[in-house]
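Okay, so here's the structure we're looking at.
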Amino acid sequence: MDKDTVLTMDPFMLLSIVNMKLRDAYSSLQSLCDDWDIEECLLHNRLKDIGYSYDKSHNQYIPEIT
């Protein structure tokens with residue numbers, strides 16, 4: 001996945017893909033971002049817009065508590 005795809009993809013579809021990849025293929029967000037050659041802040045910002053934040057202990061994006 002590249003930066004342009006991350007920026008233009010439906011954010012809920014992006015959330016689903018990222019969480020699936022984190023669950024099945026990557027031990028950390030950093031390793032996923034390194035492999036995809038994107039910055040962590042790009043994912044953080046896209047998913048924060050829909051109310052999700054990264055939980056390192058679960059290695060998943062989860063709903064923000066408001």
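We name chains A, B, ... following the order of the structure tokens; residues begin at 1 in each chain, and ligands are numbered from 1 as shown.
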
Inset, instruction - Considering only C-alpha atoms, return as a PyMOL selection string whatever protein or nucleic-acid residues lie within 7 Å of Gly51 of chain A, sequence-local ones (same chain, fewer than 2 positions apart) excluded. - result: chain A and resi 47-49+53+63-64

Please, could you write that set of residues out with C-alpha atoms as an mmCIF file, in the first residue's frame?
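Wrote it out as out-v4.cif, contents follow:
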data_model
loop_
_atom_site.group_PDB
_atom_site.id
_atom_site.type_symbol
_atom_site.label_atom_id
_atom_site.label_comp_id
_atom_site.auth_asym_id
_atom_site.auth_seq_id
_atom_site.Cartn_x
_atom_site.Cartn_y
_atom_site.Cartn_z
ATOM 1 C CA LEU A 47 -7.893 7.004 11.553
ATOM 2 C CA LYS A 48 -8.174 9.696 14.217
ATOM 3 C CA ASP A 49 -10.566 11.490 11.847
ATOM 4 C CA SER A 53 -6.421 5.568 17.975
ATOM 5 C CA PRO A 63 -12.327 3.438 19.169
ATOM 6 C CA GLU A 64 -11.340 6.499 21.160
#

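Here atom CA of Met9 of chain A stands at a distance of 13.3 Å from atom CA of Asn45 of chain A.
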
Inset, instruction - Can you list, as a PyMOL selection string, all residues belonging to chain A that DSSP tags as helix (DSSP H, G or I)? - result: chain A and resi 3-8+11-24+29-36+40-48

Okay, now the selection with C-alpha atoms, as a PDB file, in the first residue's frame?
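Wrote result.pdb, looks like this:
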ATOM      1  CA  LYS A   3       0.798   6.929   0.606  1.00  0.00           C
ATOM      2  CA  ASP A   4      -1.707   7.957  -2.071  1.00  0.00           C
ATOM      3  CA  THR A   5      -3.851   4.898  -1.389  1.00  0.00           C
ATOM      4  CA  VAL A   6      -3.800   5.568   2.357  1.00  0.00           C
ATOM      5  CA  LEU A   7      -4.852   9.168   1.739  1.00  0.00           C
ATOM      6  CA  THR A   8      -7.701   8.380  -0.662  1.00  0.00           C
ATOM      7  CA  PRO A  11     -11.137   5.400   6.142  1.00  0.00           C
ATOM      8  CA  PHE A  12     -13.248   2.513   7.455  1.00  0.00           C
ATOM      9  CA  MET A  13     -11.847   0.209   4.782  1.00  0.00           C
ATOM     10  CA  LEU A  14      -8.367   1.419   5.705  1.00  0.00           C
ATOM     11  CA  LEU A  15      -9.082   0.673   9.378  1.00  0.00           C
ATOM     12  CA  SER A  16     -10.182  -2.843   8.507  1.00  0.00           C
ATOM     13  CA  ILE A  17      -7.110  -3.556   6.388  1.00  0.00           C
ATOM     14  CA  VAL A  18      -4.660  -2.067   8.883  1.00  0.00           C
ATOM     15  CA  ASN A  19      -6.114  -3.973  11.828  1.00  0.00           C
ATOM     16  CA  MET A  20      -6.169  -7.213   9.841  1.00  0.00           C
ATOM     17  CA  LYS A  21      -2.529  -6.762   8.840  1.00  0.00           C
ATOM     18  CA  LEU A  22      -1.534  -5.884  12.408  1.00  0.00           C
ATOM     19  CA  ARG A  23      -3.313  -8.993  13.679  1.00  0.00           C
ATOM     20  CA  ASP A  24      -2.066 -11.408  11.015  1.00  0.00           C
ATOM     21  CA  LEU A  29       2.647  -0.537  13.800  1.00  0.00           C
ATOM     22  CA  GLN A  30       6.210   0.547  13.096  1.00  0.00           C
ATOM     23  CA  SER A  31       6.961  -2.672  11.202  1.00  0.00           C
ATOM     24  CA  LEU A  32       3.797  -2.274   9.104  1.00  0.00           C
ATOM     25  CA  CYS A  33       4.660   1.336   8.290  1.00  0.00           C
ATOM     26  CA  ASP A  34       8.252   0.422   7.461  1.00  0.00           C
ATOM     27  CA  ASP A  35       7.065  -2.283   5.101  1.00  0.00           C
ATOM     28  CA  TRP A  36       4.475  -0.015   3.468  1.00  0.00           C
ATOM     29  CA  GLU A  40       2.948   6.346  11.310  1.00  0.00           C
ATOM     30  CA  CYS A  41       1.481   9.837  11.650  1.00  0.00           C
ATOM     31  CA  LEU A  42      -0.246   9.407   8.274  1.00  0.00           C
ATOM     32  CA  LEU A  43      -2.219   6.424   9.582  1.00  0.00           C
ATOM     33  CA  HIS A  44      -2.777   8.069  12.967  1.00  0.00           C
ATOM     34  CA  ASN A  45      -4.253  11.173  11.355  1.00  0.00           C
ATOM     35  CA  ARG A  46      -6.482   9.303   8.896  1.00  0.00           C
ATOM     36  CA  LEU A  47      -7.893   7.004  11.553  1.00  0.00           C
ATOM     37  CA  LYS A  48      -8.174   9.696  14.217  1.00  0.00           C
TER      38      LYS A  48
END

Inset, instruction - For each of A:Asp2, A:Tyr26, A:Ile62, A:Tyr52, take the minimum atom-to-atom distance to Glu39 of chain A, counting only C-alpha atoms, then give the residue where this is smallest. - result: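 Of the candidates, the smallest distance to Glu39 of chain A is held by A:Asp2.
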